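**Student:** The following file, target.cif, comprises mmCIF, C-alpha atoms:
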data_protein
#
loop_
_atom_site.label_atom_id
_atom_site.label_comp_id
_atom_site.auth_asym_id
_atom_site.auth_seq_id
_atom_site.Cartn_x
_atom_site.Cartn_y
_atom_site.Cartn_z
CA MET A 241 0.00 0.00 0.00
CA SER A 242 1.55 3.29 -1.11
CA ARG A 243 1.25 6.35 1.11
CA PRO A 244 -2.09 8.06 0.39
CA HIS A 245 -2.28 11.78 -0.29
CA ARG A 246 -2.05 13.81 2.92
CA LYS A 247 -5.61 15.06 2.48
CA HIS A 248 -6.87 11.48 2.90
CA LEU A 249 -4.82 10.69 6.01
CA LEU A 250 -6.36 11.07 9.44
CA THR A 251 -5.54 14.17 11.45
CA SER A 252 -3.96 14.14 14.90
CA VAL A 253 -7.31 15.07 16.44
CA GLN A 254 -8.97 12.12 14.70
CA MET A 255 -6.20 9.81 15.88
CA ALA A 256 -6.53 11.09 19.44
CA ARG A 257 -10.29 10.48 19.22
CA PHE A 258 -9.58 6.90 18.13
CA VAL A 259 -7.15 6.45 21.04
CA ALA A 260 -9.81 7.73 23.47
CA HIS A 261 -12.92 6.08 22.02
CA GLY A 262 -11.39 2.95 20.53
CA SER A 263 -13.25 3.59 17.30
CA LEU A 264 -13.50 5.94 14.35
CA ARG A 265 -16.63 6.30 12.24
CA MET A 266 -16.77 7.40 8.59
CA ASP A 267 -20.37 7.99 7.55
CA ALA A 268 -21.53 7.08 4.02
CA VAL A 269 -17.94 6.96 2.75
CA VAL A 270 -18.59 4.14 0.26
CA PRO A 271 -20.25 5.25 -3.02
CA ALA A 272 -23.88 4.30 -3.67
CA GLU A 273 -22.99 2.18 -6.71
CA MET A 274 -20.75 -0.04 -4.57
CA ASN A 275 -23.37 -0.32 -1.85
CA ALA A 276 -25.86 -1.46 -4.49
CA GLN A 277 -23.55 -4.36 -5.39
CA ALA A 278 -22.51 -5.21 -1.87
CA VAL A 279 -25.38 -7.28 -0.48
CA GLU A 280 -25.26 -9.74 -3.37
CA VAL A 281 -21.46 -9.95 -3.12
CA LEU A 282 -21.61 -10.54 0.62
CA ARG A 283 -24.46 -13.04 0.25
CA GLU A 284 -22.32 -15.10 -2.13
CA GLY A 285 -19.37 -14.85 0.27
CA ILE A 286 -15.82 -13.55 -0.03
CA PRO A 287 -13.09 -16.19 -0.44
CA ALA A 288 -11.12 -16.91 2.72
CA ALA A 289 -7.54 -15.72 3.06
CA PRO A 290 -4.78 -17.35 5.12
CA TYR A 291 -3.67 -15.61 8.31
CA GLY A 292 -0.99 -13.03 7.56
CA ALA A 293 -1.83 -12.61 3.88
CA SER A 294 -1.03 -9.28 2.28
CA LEU A 295 -3.89 -7.26 0.83
CA ALA A 296 -2.85 -8.37 -2.65
CA GLU A 297 -2.86 -12.01 -1.56
CA ALA A 298 -6.11 -11.77 0.39
CA PHE A 299 -8.18 -9.90 -2.19
CA GLU A 300 -7.76 -10.18 -5.95
CA GLU A 301 -7.20 -7.04 -8.00
CA GLY A 302 -10.59 -5.69 -9.07
CA SER A 303 -12.53 -7.67 -6.46
CA PHE A 304 -15.15 -5.92 -4.36
CA ALA A 305 -13.07 -6.14 -1.18
CA ARG A 306 -9.97 -4.79 -2.92
CA ARG A 307 -11.92 -1.86 -4.32
CA LEU A 308 -13.40 -1.21 -0.88
CA VAL A 309 -10.05 -0.91 0.89
CA GLY A 310 -8.69 1.10 -2.05
CA LEU A 311 -11.21 3.93 -1.70
CA PRO A 312 -9.11 7.04 -0.92
CA GLU A 313 -10.68 7.89 2.46
CA ILE A 314 -10.62 4.25 3.60
CA ALA A 315 -7.07 3.67 2.36
CA GLY A 316 -6.00 6.84 4.17
CA ALA A 317 -7.55 5.69 7.44
CA ILE A 318 -5.98 2.22 7.16
CA TYR A 319 -2.56 3.74 6.49
CA SER A 320 -2.93 6.20 9.37
CA LEU A 321 -3.84 3.45 11.84
CA VAL A 322 -1.65 0.49 10.82
CA GLY A 323 0.71 1.84 8.17
CA PRO A 324 1.79 0.51 4.78
CA ASP A 325 1.51 -3.15 3.86
CA PRO A 326 -0.69 -4.39 6.73
CA THR A 327 -1.52 -8.07 6.73
CA VAL A 328 -4.99 -9.55 6.98
CA ASP A 329 -5.59 -11.41 10.24
CA HIS A 330 -8.97 -12.62 9.01
CA HIS A 331 -12.13 -11.35 7.38
CA ALA A 332 -15.76 -12.36 7.66
CA VAL A 333 -19.25 -11.59 6.44
CA HIS A 334 -21.67 -11.23 9.35
CA ILE A 335 -25.39 -11.58 8.68
CA ARG A 336 -28.13 -10.82 11.20
CA ARG A 337 -31.24 -12.47 9.88
CA ALA A 338 -34.60 -10.70 9.96
CA ARG A 339 -36.54 -11.45 13.17
CA GLU A 340 -33.66 -13.70 14.23
CA GLY A 341 -34.47 -13.28 17.90
CA THR A 342 -30.90 -13.55 19.25
CA ALA A 343 -28.11 -11.11 19.99
CA GLN A 344 -24.38 -11.48 20.42
CA ASN A 345 -22.84 -11.17 23.88
CA LEU A 346 -20.64 -8.20 24.63
CA HIS A 347 -17.05 -9.19 23.90
CA GLY A 348 -13.62 -8.08 22.75
CA ASP A 349 -12.05 -9.81 19.77
CA ALA A 350 -8.62 -10.42 21.29
CA ILE A 351 -8.48 -13.50 23.50
CA ILE A 352 -5.03 -12.73 24.87
CA ASP A 353 -3.32 -9.53 23.80
CA VAL A 354 -1.20 -7.59 26.27
CA ARG A 355 0.53 -5.23 23.84
CA PRO A 356 0.52 -1.77 25.44
CA ASP A 357 1.89 0.12 22.44
CA ALA A 358 0.47 -1.56 19.32
CA PHE A 359 -2.96 -2.57 18.14
CA ASP A 360 -4.82 -4.29 15.33
CA VAL A 361 -7.66 -2.51 13.59
CA GLN A 362 -10.98 -3.93 12.47
CA LEU A 363 -12.79 -2.39 9.54
CA MET A 364 -16.56 -2.85 9.67
CA TYR A 365 -18.49 -1.97 6.52
CA TYR A 366 -22.28 -1.54 6.50
CA PRO A 367 -23.64 -1.56 2.93
CA GLN A 368 -27.24 -0.85 3.98
CA GLU A 369 -28.85 1.85 6.04
CA VAL A 370 -28.97 0.46 9.57
CA THR A 371 -32.03 1.50 11.55
CA LEU A 372 -32.53 1.00 15.27
CA ASP A 373 -34.82 -2.01 14.79
CA MET A 374 -32.21 -3.69 12.57
CA GLY A 375 -30.01 -4.16 15.60
CA GLY A 376 -26.73 -2.57 14.62
CA THR A 377 -23.43 -3.13 16.37
CA LEU A 378 -23.29 -2.24 20.05
CA SER A 379 -19.98 -0.89 21.36
CA VAL A 380 -18.74 0.62 24.60
CA PRO A 381 -16.66 3.75 23.98
CA GLY A 382 -13.38 3.85 25.88
CA SER A 383 -13.37 0.15 26.75
CA HIS A 384 -10.55 -0.97 24.45
CA LEU A 385 -7.67 -0.53 26.89
CA ARG A 386 -9.47 -2.26 29.78
CA ARG A 387 -7.79 -5.67 29.86
CA THR A 388 -10.31 -8.49 29.47
CA ASN A 389 -10.29 -11.73 27.55
CA GLU A 390 -12.74 -12.08 24.69
CA SER A 391 -16.17 -12.87 26.20
CA ASP A 392 -15.38 -12.09 29.86
CA THR A 393 -17.66 -9.06 29.49
CA GLY A 394 -20.56 -11.17 28.20
CA ARG A 395 -22.32 -11.10 31.56
CA TYR A 396 -22.83 -7.34 31.23
CA GLN A 397 -26.08 -6.43 29.50
CA ASN A 398 -26.01 -2.64 29.36
CA LEU A 399 -23.44 -0.03 30.28
CA ARG A 400 -24.05 3.69 30.61
CA GLY A 401 -22.96 5.52 27.47
CA GLN A 402 -22.86 2.44 25.22
CA SER A 403 -23.39 3.14 21.54
CA ARG A 404 -25.81 1.21 19.35
CA LEU A 405 -24.97 1.84 15.73
CA THR A 406 -27.48 3.34 13.35
CA CYS A 407 -26.04 4.67 10.11
CA LEU A 408 -26.46 5.51 6.46
CA ALA A 409 -25.56 2.98 3.78
CA GLY A 410 -21.84 2.89 3.02
CA THR A 411 -20.69 3.68 6.54
CA VAL A 412 -17.36 2.26 7.70
CA VAL A 413 -16.27 2.01 11.33
CA PHE A 414 -12.71 1.28 12.43
CA LEU A 415 -12.35 -0.44 15.80
CA HIS A 416 -9.39 -1.04 18.09
CA HIS A 417 -9.19 -4.82 18.49
CA GLY A 418 -9.90 -4.65 22.22
CA ILE A 419 -13.13 -2.64 22.23
CA TRP A 420 -16.15 -4.29 23.84
CA HIS A 421 -18.86 -4.81 21.25
CA GLY A 422 -21.56 -7.19 20.04
CA GLY A 423 -24.12 -7.55 17.26
CA ARG A 424 -27.62 -6.66 18.43
CA ARG A 425 -30.82 -8.56 17.69
CA ASN A 426 -32.43 -7.77 14.34
CA ASP A 427 -36.12 -7.05 14.90
CA SER A 428 -36.74 -5.80 11.38
CA ASP A 429 -37.97 -7.64 8.29
CA VAL A 430 -34.64 -7.11 6.47
CA ASP A 431 -31.47 -9.19 6.78
CA ARG A 432 -28.58 -6.99 7.94
CA TYR A 433 -25.13 -7.44 6.38
CA MET A 434 -21.73 -6.35 7.65
CA PHE A 435 -18.26 -7.10 6.25
CA LYS A 436 -15.31 -7.16 8.63
CA ILE A 437 -11.55 -7.16 8.01
CA ARG A 438 -8.97 -7.28 10.79
CA PHE A 439 -5.62 -5.71 9.90
CA ASN A 440 -2.28 -6.44 11.59
CA PRO A 441 0.44 -3.77 11.33
CA THR A 442 3.84 -4.73 9.92
CA VAL A 443 5.58 -1.47 10.89
CA ARG A 444 5.80 0.48 14.10
CA GLN A 445 2.70 2.64 14.41
CA LEU A 446 4.63 5.89 14.67
CA ARG A 447 3.29 9.19 13.26
CA LEU A 448 1.65 7.50 10.28
CA TRP A 449 -1.09 10.12 9.96
CA ASN A 450 -1.09 13.80 8.96
CA THR A 451 0.68 15.37 11.94
CA ASP A 452 0.20 19.02 10.93
CA ASP A 453 -2.09 19.50 13.94
CA LEU A 454 -0.02 17.39 16.37
CA TYR A 455 0.03 20.12 19.01
CA ASP A 456 -3.54 21.29 18.56
CA PRO A 457 -5.10 21.69 22.06
CA ALA A 458 -8.00 19.55 20.82
CA VAL A 459 -5.65 16.53 20.94
CA ALA A 460 -5.32 16.82 24.72
CA THR A 461 -9.07 17.40 25.00
CA GLU A 462 -9.78 14.15 23.16
CA LEU A 463 -7.27 12.17 25.22
CA GLY A 464 -8.82 13.45 28.45
CA ARG A 465 -12.39 12.48 27.59
CA LEU A 466 -14.39 10.55 30.19
CA PHE A 467 -17.25 8.13 29.48
CA PRO A 468 -20.39 7.55 31.60
CA TRP A 469 -19.61 3.92 32.49
CA TYR A 470 -16.23 4.73 34.03
CA GLU A 471 -15.81 4.30 37.76
CA HIS A 472 -14.98 7.53 39.58
CA ALA A 473 -11.46 6.42 40.49
CA THR A 474 -10.52 3.41 38.37
CA GLY A 475 -11.86 5.09 35.26
CA ARG A 476 -9.05 7.63 35.50
CA LEU A 477 -6.59 4.85 34.74
CA GLU A 478 -8.05 4.73 31.24
CA ILE A 479 -6.69 8.25 30.67
CA TYR A 480 -3.28 7.10 31.87
CA ASN A 481 -3.44 4.14 29.45
CA ARG A 482 -4.38 6.46 26.59
CA VAL A 483 -1.55 8.88 27.26
CA LYS A 484 0.94 5.99 27.30
CA LEU A 485 -0.44 4.76 23.97
CA TRP A 486 -0.30 8.28 22.52
CA GLN A 487 3.32 8.67 23.68
CA ALA A 488 4.17 5.50 21.76
CA LEU A 489 2.27 6.65 18.66
CA VAL A 490 4.04 10.03 18.55
CA GLY A 491 7.42 8.79 19.80
CA ASP A 492 7.50 11.32 22.63
CA ASP A 493 7.62 10.04 26.21
CA SER A 494 7.44 13.60 27.52
CA TYR A 495 3.95 14.29 26.11
CA ASP A 496 1.74 14.44 29.20
CA PRO A 497 -0.49 17.55 29.19
CA ASP A 498 -2.19 16.84 32.54
CA TYR A 499 0.68 14.93 34.20
CA TRP A 500 -1.21 11.63 34.43
CA VAL A 501 1.92 9.65 33.59
CA THR A 502 4.45 11.98 35.22
CA ARG A 503 2.91 11.58 38.66
CA VAL A 504 3.24 7.79 38.69
CA THR A 505 6.55 7.42 36.87
CA ASN A 506 8.44 10.00 38.93
CA ARG A 507 11.47 8.06 40.18
CA PRO A 508 14.35 10.49 40.76
CA THR A 509 17.79 8.87 40.46
CA ARG A 510 19.79 11.43 42.47
CA VAL A 511 20.97 9.92 45.78
CA VAL A 512 21.65 11.92 48.91
CA ALA A 513 24.59 10.47 50.80
CA GLN A 514 23.79 9.28 54.34
CA ARG A 515 26.08 10.14 57.27
CA SER A 516 27.11 7.30 59.53
CA LEU A 517 26.02 7.34 63.19
CA ASN A 518 29.55 6.17 64.13
CA PRO A 519 31.44 9.38 65.05
CA HIS A 520 34.79 7.73 64.23
CA ALA A 521 33.74 6.62 60.74
CA ARG A 522 34.85 8.61 57.73
CA GLN A 523 31.92 10.75 56.69
CA PRO A 524 30.89 10.47 53.03
CA THR A 525 30.68 13.54 50.88
CA ALA A 526 27.11 14.81 50.66
CA VAL A 527 25.52 15.85 47.44
CA GLY A 528 26.58 19.35 46.55
CA GLU A 529 29.68 19.33 48.83
CA THR A 530 33.28 19.35 47.65
CA ALA A 531 35.89 17.11 49.21
#
Let's see the structure in the file written out as structure tokens.

**Tutor:**
Amino acid sequence: MSRPHRKHLLTSVQMARFVAHGSLRMDAVVPAEMNAQAVEVLREGIPAAPYGASLAEAFEEGSFARRLVGLPEIAGAIYSLVGPDPTVDHHAVHIRRAREGTAQNLHGDAIIDVRPDAFDVQLMYYPQEVTLDMGGTLSVPGSHLRRTNESDTGRYQNLRGQSRLTCLAGTVVFLHHGIWHGGRRNDSDVDRYMFKIRFNPTVRQLRLWNTDDLYDPAVATELGRLFPWYEHATGRLEIYNRVKLWQALVGDDSYDPDYWVTRVTNRPTRVVAQRSLNPHARQPTAVGETA
């Protein structure tokens, strides 16, 4: 994947919003003519790809999936999040049947993943308008850095501030691999289709986006955002986790606008010499003294 034009890359504010929310939404970004083809393509299925396949290996030139990821805005977002030449972890077509009567438990897609400074990205494409009664994808903003294993969150039914997706046709959502989410029950008379691709980075995720606004105050505002389900105290650790991730993404360990990290990593190395209680012992030189 060549570097997209700067105008199609994400901005620093958008990246900070992704780091805080664990998701990034692009409404109606896929053209209507592609959306018109999509349901039939997804109904027929998209050939499987082996784990770790390149985009060229996973999706043939000219195929629907290849054209989807090649759209300028989508290609720019993929590059900004995971860089050039990402590999495909897996992809899948998800169908929620009309009046199906069941919903998916809340879960994260990573069974065991303890990387603090890297992440996979999931593209979710919705070719149809998704109305509230069609179910949509439920997600919990700001949950992606809370360490859980896959379906450990399945016992939770509703969390304050959760987001249930409704959208126009052609909407694409990018998710951090750890965000808590689940497909909701489809109570409509229309089958709902969604196509998912999980991308693995092959380069360090370092300043891959358009960094012209790197020091915009809105970046710090996004990183400091709180969500309604957070606990009063423990929820603040999510801000700490975000700042650490942002430091890794920008390659600057000193970036800490509200001192969340500074307060808990402050370990001075200067040692003050201690004087012996034995009056006959040779007294060491104290810091700042000359011999």

**Student:** Have a look at atom CA of A:Glu313 and atom CA of A:Gly382 and let me know their distance in Å, one decimal.

**Tutor:**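 Between atom CA of A:Glu313 and atom CA of A:Gly382 the gap is 23.9 Å.
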
**Student:** Residues at most 9 Å from stretch 343-352 of chain A, counting all atoms listed in the file, excluding those fewer than 4 positions away in the same chain, as a list in words?

**Tutor:**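 The contact residues come out as Arg336, Gly375, Leu378, Ser379, His384, Thr388, Asn389, Glu390, Ser391, Asp392, Thr393, Gly394, Arg395, Tyr396, Gln397, His417, Gly418, Ile419, Trp420, His421, Gly422, Gly423, Arg424, Arg425 and Asn426 of chain A.
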
**Student:** Nearest residue to A:Leu448 out of A:Ala488, A:Pro290, A:Thr371, A:Arg515, using only C-alpha atoms?

**Tutor:** A:Ala488

**Student:** In Å, with one decimal, what is the gap from atom CA of A:Val483 to atom CA of A:Pro468?

**Tutor:**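 Interatomic distance, atom CA of A:Val483 to atom CA of A:Pro468: 19.4 Å.
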
**Student:** Between atom CA of A:Thr327 and atom CA of A:Val253, what is the distance in Å, rounded to a tenth?

**Tutor:**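 Straight-line distance from atom CA of A:Thr327 to atom CA of A:Val253 works out to 25.8 Å.
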
**Student:** For the structure provided, state which residues fall under the PyMOL selection byres ((chain A and resi 329) around 6), and present them as a list in words.

**Tutor:**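 After applying the PyMOL selection byres ((chain A and resi 329) around 6), what remains is Tyr291, Gly292, Val328, His330, Arg438 and Phe439 of chain A.
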
**Student:** If the PyMOL selection byres ((chain A and resi 489) around 7) is run on the structure shown, which residues does it catch, given as a ChimeraX atom specification?

**Tutor:** /A:445-447,485-488,490-491

**Student:** Can you write stretch 297-318 of chain A from the block above with N, CA, C and O atoms, as a PDB file, in the first residue's frame?

**Tutor:**
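Resulting contents of result-v5.pdb:
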ATOM      1  N   GLU A 297      -2.628 -10.576  -1.650  1.00  0.00           N
ATOM      2  CA  GLU A 297      -2.860 -12.014  -1.561  1.00  0.00           C
ATOM      3  C   GLU A 297      -4.276 -12.335  -1.091  1.00  0.00           C
ATOM      4  O   GLU A 297      -4.874 -13.322  -1.512  1.00  0.00           O
ATOM      5  N   ALA A 298      -4.798 -11.498  -0.196  1.00  0.00           N
ATOM      6  CA  ALA A 298      -6.109 -11.770   0.388  1.00  0.00           C
ATOM      7  C   ALA A 298      -7.248 -11.444  -0.565  1.00  0.00           C
ATOM      8  O   ALA A 298      -8.252 -12.164  -0.610  1.00  0.00           O
ATOM      9  N   PHE A 299      -7.091 -10.360  -1.342  1.00  0.00           N
ATOM     10  CA  PHE A 299      -8.182  -9.896  -2.193  1.00  0.00           C
ATOM     11  C   PHE A 299      -7.652  -9.636  -3.599  1.00  0.00           C
ATOM     12  O   PHE A 299      -6.748  -8.824  -3.792  1.00  0.00           O
ATOM     13  N   GLU A 300      -8.223 -10.317  -4.584  1.00  0.00           N
ATOM     14  CA  GLU A 300      -7.764 -10.177  -5.954  1.00  0.00           C
ATOM     15  C   GLU A 300      -7.973  -8.753  -6.461  1.00  0.00           C
ATOM     16  O   GLU A 300      -8.913  -8.058  -6.073  1.00  0.00           O
ATOM     17  N   GLU A 301      -7.077  -8.344  -7.351  1.00  0.00           N
ATOM     18  CA  GLU A 301      -7.202  -7.040  -8.001  1.00  0.00           C
ATOM     19  C   GLU A 301      -8.558  -6.959  -8.699  1.00  0.00           C
ATOM     20  O   GLU A 301      -8.968  -7.878  -9.409  1.00  0.00           O
ATOM     21  N   GLY A 302      -9.288  -5.881  -8.461  1.00  0.00           N
ATOM     22  CA  GLY A 302     -10.590  -5.688  -9.073  1.00  0.00           C
ATOM     23  C   GLY A 302     -11.744  -6.279  -8.299  1.00  0.00           C
ATOM     24  O   GLY A 302     -12.908  -6.014  -8.633  1.00  0.00           O
ATOM     25  N   SER A 303     -11.462  -7.082  -7.264  1.00  0.00           N
ATOM     26  CA  SER A 303     -12.533  -7.665  -6.462  1.00  0.00           C
ATOM     27  C   SER A 303     -13.208  -6.591  -5.628  1.00  0.00           C
ATOM     28  O   SER A 303     -12.667  -5.495  -5.411  1.00  0.00           O
ATOM     29  N   PHE A 304     -14.409  -6.905  -5.145  1.00  0.00           N
ATOM     30  CA  PHE A 304     -15.145  -5.917  -4.361  1.00  0.00           C
ATOM     31  C   PHE A 304     -14.354  -5.491  -3.123  1.00  0.00           C
ATOM     32  O   PHE A 304     -14.242  -4.299  -2.826  1.00  0.00           O
ATOM     33  N   ALA A 305     -13.799  -6.467  -2.412  1.00  0.00           N
ATOM     34  CA  ALA A 305     -13.069  -6.139  -1.179  1.00  0.00           C
ATOM     35  C   ALA A 305     -11.849  -5.275  -1.473  1.00  0.00           C
ATOM     36  O   ALA A 305     -11.534  -4.342  -0.709  1.00  0.00           O
ATOM     37  N   ARG A 306     -11.162  -5.577  -2.565  1.00  0.00           N
ATOM     38  CA  ARG A 306      -9.970  -4.786  -2.917  1.00  0.00           C
ATOM     39  C   ARG A 306     -10.357  -3.356  -3.278  1.00  0.00           C
ATOM     40  O   ARG A 306      -9.662  -2.394  -2.933  1.00  0.00           O
ATOM     41  N   ARG A 307     -11.463  -3.207  -3.981  1.00  0.00           N
ATOM     42  CA  ARG A 307     -11.924  -1.858  -4.324  1.00  0.00           C
ATOM     43  C   ARG A 307     -12.371  -1.105  -3.076  1.00  0.00           C
ATOM     44  O   ARG A 307     -12.171   0.113  -2.967  1.00  0.00           O
ATOM     45  N   LEU A 308     -12.948  -1.835  -2.123  1.00  0.00           N
ATOM     46  CA  LEU A 308     -13.398  -1.206  -0.879  1.00  0.00           C
ATOM     47  C   LEU A 308     -12.222  -0.608  -0.118  1.00  0.00           C
ATOM     48  O   LEU A 308     -12.243   0.561   0.269  1.00  0.00           O
ATOM     49  N   VAL A 309     -11.189  -1.405   0.112  1.00  0.00           N
ATOM     50  CA  VAL A 309     -10.050  -0.908   0.894  1.00  0.00           C
ATOM     51  C   VAL A 309      -9.203   0.079   0.105  1.00  0.00           C
ATOM     52  O   VAL A 309      -8.365   0.777   0.687  1.00  0.00           O
ATOM     53  N   GLY A 310      -9.436   0.151  -1.238  1.00  0.00           N
ATOM     54  CA  GLY A 310      -8.694   1.095  -2.048  1.00  0.00           C
ATOM     55  C   GLY A 310      -9.344   2.455  -2.181  1.00  0.00           C
ATOM     56  O   GLY A 310      -8.748   3.376  -2.762  1.00  0.00           O
ATOM     57  N   LEU A 311     -10.570   2.614  -1.669  1.00  0.00           N
ATOM     58  CA  LEU A 311     -11.207   3.932  -1.705  1.00  0.00           C
ATOM     59  C   LEU A 311     -10.327   4.926  -0.952  1.00  0.00           C
ATOM     60  O   LEU A 311      -9.819   4.609   0.137  1.00  0.00           O
ATOM     61  N   PRO A 312     -10.105   6.126  -1.493  1.00  0.00           N
ATOM     62  CA  PRO A 312      -9.110   7.035  -0.918  1.00  0.00           C
ATOM     63  C   PRO A 312      -9.262   7.305   0.577  1.00  0.00           C
ATOM     64  O   PRO A 312      -8.284   7.254   1.329  1.00  0.00           O
ATOM     65  N   GLU A 313     -10.483   7.584   1.039  1.00  0.00           N
ATOM     66  CA  GLU A 313     -10.676   7.890   2.461  1.00  0.00           C
ATOM     67  C   GLU A 313     -10.418   6.656   3.337  1.00  0.00           C
ATOM     68  O   GLU A 313      -9.868   6.762   4.433  1.00  0.00           O
ATOM     69  N   ILE A 314     -10.815   5.485   2.834  1.00  0.00           N
ATOM     70  CA  ILE A 314     -10.616   4.254   3.603  1.00  0.00           C
ATOM     71  C   ILE A 314      -9.141   3.871   3.604  1.00  0.00           C
ATOM     72  O   ILE A 314      -8.571   3.517   4.645  1.00  0.00           O
ATOM     73  N   ALA A 315      -8.496   3.958   2.436  1.00  0.00           N
ATOM     74  CA  ALA A 315      -7.071   3.666   2.360  1.00  0.00           C
ATOM     75  C   ALA A 315      -6.276   4.606   3.260  1.00  0.00           C
ATOM     76  O   ALA A 315      -5.312   4.198   3.924  1.00  0.00           O
ATOM     77  N   GLY A 316      -6.686   5.873   3.310  1.00  0.00           N
ATOM     78  CA  GLY A 316      -6.004   6.838   4.170  1.00  0.00           C
ATOM     79  C   GLY A 316      -6.147   6.513   5.645  1.00  0.00           C
ATOM     80  O   GLY A 316      -5.196   6.658   6.423  1.00  0.00           O
ATOM     81  N   ALA A 317      -7.324   6.056   6.034  1.00  0.00           N
ATOM     82  CA  ALA A 317      -7.548   5.688   7.435  1.00  0.00           C
ATOM     83  C   ALA A 317      -6.749   4.435   7.798  1.00  0.00           C
ATOM     84  O   ALA A 317      -6.144   4.362   8.880  1.00  0.00           O
ATOM     85  N   ILE A 318      -6.739   3.445   6.909  1.00  0.00           N
ATOM     86  CA  ILE A 318      -5.979   2.218   7.163  1.00  0.00           C
ATOM     87  C   ILE A 318      -4.499   2.550   7.325  1.00  0.00           C
ATOM     88  O   ILE A 318      -3.834   2.092   8.265  1.00  0.00           O
TER      89      ILE A 318
END
